[in-house]
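Each remark here refers to the structure printed beneath this line.
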Amino acid sequence: MLDSTLGAAVAAAYGLGGPATLLGPVARGQRGLVWRLETPAGAFAVKDPLEPMSADEAEADAAYQEVVLAAGVPMPRVVRSVSGAVLTEVEGHQVRVYEWMDVAGPDRSLDPAAVGRVVAAVHRVHVPAASPMDPWYTTPVGLDAWEDLCARLEASGAPFAHELTGLVPNLGRLEALIGPMTAEQWCHCDLWSDNVLPRLPRPDGGVAVLDWENCGPGVPTQEVSLVLYDFGVGDPDRERALYAAYVDAGGPGRLTGPGDFAVLAAQLGHIVEAGCEGWLASSSDAGRDHHEAWVREYLDDPLTERRIDDILTAIRG
């Protein structure tokens with residue numbers, strides 16, 4: 001992990017001048033920490049990954065981000081090092097840097113029309129996909145694996161084990177939607193409310209899209225279903241407004257049936273599975289609390305067949 005003494009070294013690596021102050025971490029995601037770097041050139045976000053990133057993958061996602069930014073999508077600019085690289089080693093720490101963007105915290109009650117328009121703007125940028133989608137989005141956890149996981153949680157006294165066990169039949173039915181899928185273009189692939197955020201100062205700042213490190217081959221329709229589930233919050237009026245704004249703004253995705261929720265079902269399954277495995281592996285109360293909160297995000301608002309039918313009914317109306 002970085003420490004606050006490395007501000008000057010990070011600034012020098014990216015040609016940002018000095019003096020430089022590294023503050024934080026100011027945020028933590030599932031894949032890494034975020035620090036704020038203050039320099040004479042302005043403020044920047046320094047990503048400190050928990051696991052090493054591939055230089056080739058970082059270059060590919062940065063190239064896509066630069067195309068999307070040039071198309072006018074509100075998002076932070078990738079900052080390259082003095083040598084033109086995305087990733088840099090700073091005293092044994094791998095980092096990447098973005099321009100700083102002031103945003104508020106996640107808010108699923110954001111104006112649904114604003115969310116629909118910004119997602120359409122992302123999807124209008126058609127960068128062809130030359131490789132398959134990541135298995136995270138196209139493979140199920142599997143009924144046997146769910147049953148084994150729940151048994152281990154029950155045996156370990158996980159406080160959410162009974163709730164999750166009750167949802168296993170539903171998870172199995174949703175995973176029946178998952179199957180082989182051909183990528184249509186590059187997508188953000190992580191458009192949850194954690195990453196589609198209100199810009200500050202509100203209410204005039206609009207909406208920004210952050211955290212593009214998971215971007216890659218995807219299907220716009222499958223991504224729209226995720227956004228409708230997360231930002232629709234089960235409200236047909238919000239779902240209808242979001243989808244109408246997306247279509248009116250030129251978004252190419254079109255939902256026609258339950259199969260358009262396959263990627264969402266796969267993502268949620270793997271997210272919940274990872275949270276459960278993290279709880280089982282945790283050796284501290286803080287670690288278990290963190291992973292329980294992760295799992296409860298799903299338990300408190302599960303994707304169900306009824307929820308899918310309601311979303312489809314709302315947008316058709």
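The chains in the structure tokens are called A, B, ... from first to last as shown; in each chain the residues are counted from 1, and the ligands are counted from 1 in the order shown.
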Report task. For range 143-154 of chain A, work out the shell of residues within 12 Å, counting only C-alpha atoms and skipping chain neighbours fewer than 2 positions away, then give it as a ChimeraX atom specification. Result -> /A:140-141,156-176,269-270,272-281,288,292
Please list as a PDB file with C-alpha atoms, in the first residue's frame every residue within 10 Å of Gly253 in chain A, counting only C-alpha atoms and excluding residues in the same chain fewer than 4 positions away.
```
ATOM      1  CA  ALA A 120     -26.627   6.337 -23.754  1.00  0.00           C
ATOM      2  CA  HIS A 123     -22.987   3.292 -25.486  1.00  0.00           C
ATOM      3  CA  ARG A 124     -23.029   5.593 -28.515  1.00  0.00           C
ATOM      4  CA  VAL A 219     -23.452  -5.872 -24.810  1.00  0.00           C
ATOM      5  CA  PRO A 220     -25.239  -2.509 -24.352  1.00  0.00           C
ATOM      6  CA  THR A 221     -28.649  -4.132 -23.798  1.00  0.00           C
ATOM      7  CA  GLN A 222     -27.265  -6.258 -20.968  1.00  0.00           C
ATOM      8  CA  GLU A 223     -25.711  -3.180 -19.370  1.00  0.00           C
ATOM      9  CA  VAL A 224     -28.949  -1.180 -19.576  1.00  0.00           C
ATOM     10  CA  SER A 225     -30.766  -3.915 -17.639  1.00  0.00           C
ATOM     11  CA  TYR A 243     -35.226   3.807 -20.320  1.00  0.00           C
ATOM     12  CA  TYR A 246     -31.713   6.343 -22.819  1.00  0.00           C
ATOM     13  CA  VAL A 247     -33.587   5.553 -26.043  1.00  0.00           C
ATOM     14  CA  ASP A 260     -31.530  -9.464 -21.455  1.00  0.00           C
TER      15      ASP A 260
END
```
Query raised in the report: DSSP says strand (DSSP E) for which residues of range 102-249 of chain A? Put them as a list in words?
Result: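 After running DSSP on the backbone, range 102-249 of chain A has strand (DSSP E) at Gln185, Trp186, Cys187, Val196, Leu197, Pro198, Val207, Ala208, Val209, Gly216, Pro217 and Gly218 of chain A.
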List as a tab-separated table (two decimals) with N, CA and C atoms, in the first residue's frame the protein and nucleic acid residues near Arg240 in chain A, meaning an atom at most 6 Å away when only C-alpha atoms are counted, but skip any in the same chain fewer than 4 places from it.
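Result went into out_39.tsv, see below:
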```
chain	number	residue	atom	x	y	z
A	236	PRO	N	-41.61	1.64	-11.04
A	236	PRO	CA	-41.86	1.61	-12.49
A	236	PRO	C	-41.75	2.98	-13.15
A	314	ALA	N	-42.80	-2.20	-17.05
A	314	ALA	CA	-42.70	-0.75	-16.90
A	314	ALA	C	-42.19	-0.09	-18.17
A	315	ILE	N	-41.14	-0.63	-18.77
A	315	ILE	CA	-40.57	0.06	-19.94
A	315	ILE	C	-41.44	-0.12	-21.18
```
Report task. List the neighbours of Ala183 in chain A out to 6 Å using only C-alpha atoms; skip same-chain residues closer than 5 positions along the sequence, and give me the result as a PyMOL selection string. Result -> chain A and resi 133+217-219
Query - Who sits within 12 Å of Ser131 in chain A, only C-alpha atoms, same chain under 3 positions skipped, as a PyMOL selection string - result: chain A and resi 127-128+134-135+181-186+216-218
**Report entry** Those of range 170-278 of chain A in DSSP helix (DSSP H, G or I), formatted as a PyMOL selection string
**Finding:** chain A and resi 170-175+220-232+236-248+258-278
Report task. Give me the residues within 10 Å of Gln30 in chain A as an MDAnalysis selection string, counting only C-alpha atoms and dropping any in the same chain fewer than 3 places off. Result -> chainID A and resid 33 49:50 294
Query raised in the report: In Å, with one decimal, what is the gap from CA of Glu66 in chain A to CA of His93 in chain A?
Result: 24.4 Å
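When the distance limit is 7 Å and only C-alpha atoms are what count, the residues near Met75 in chain A, minus those fewer than 6 positions from it on the same chain, are A:Leu69, A:Ala208, A:Val209, A:Leu210.
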Query raised in the report: In Å, with one decimal, what is the gap from CA of Ala20 in chain A to CA of Val34 in chain A?
Result: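 These two atoms are separated by 16.0 Å.
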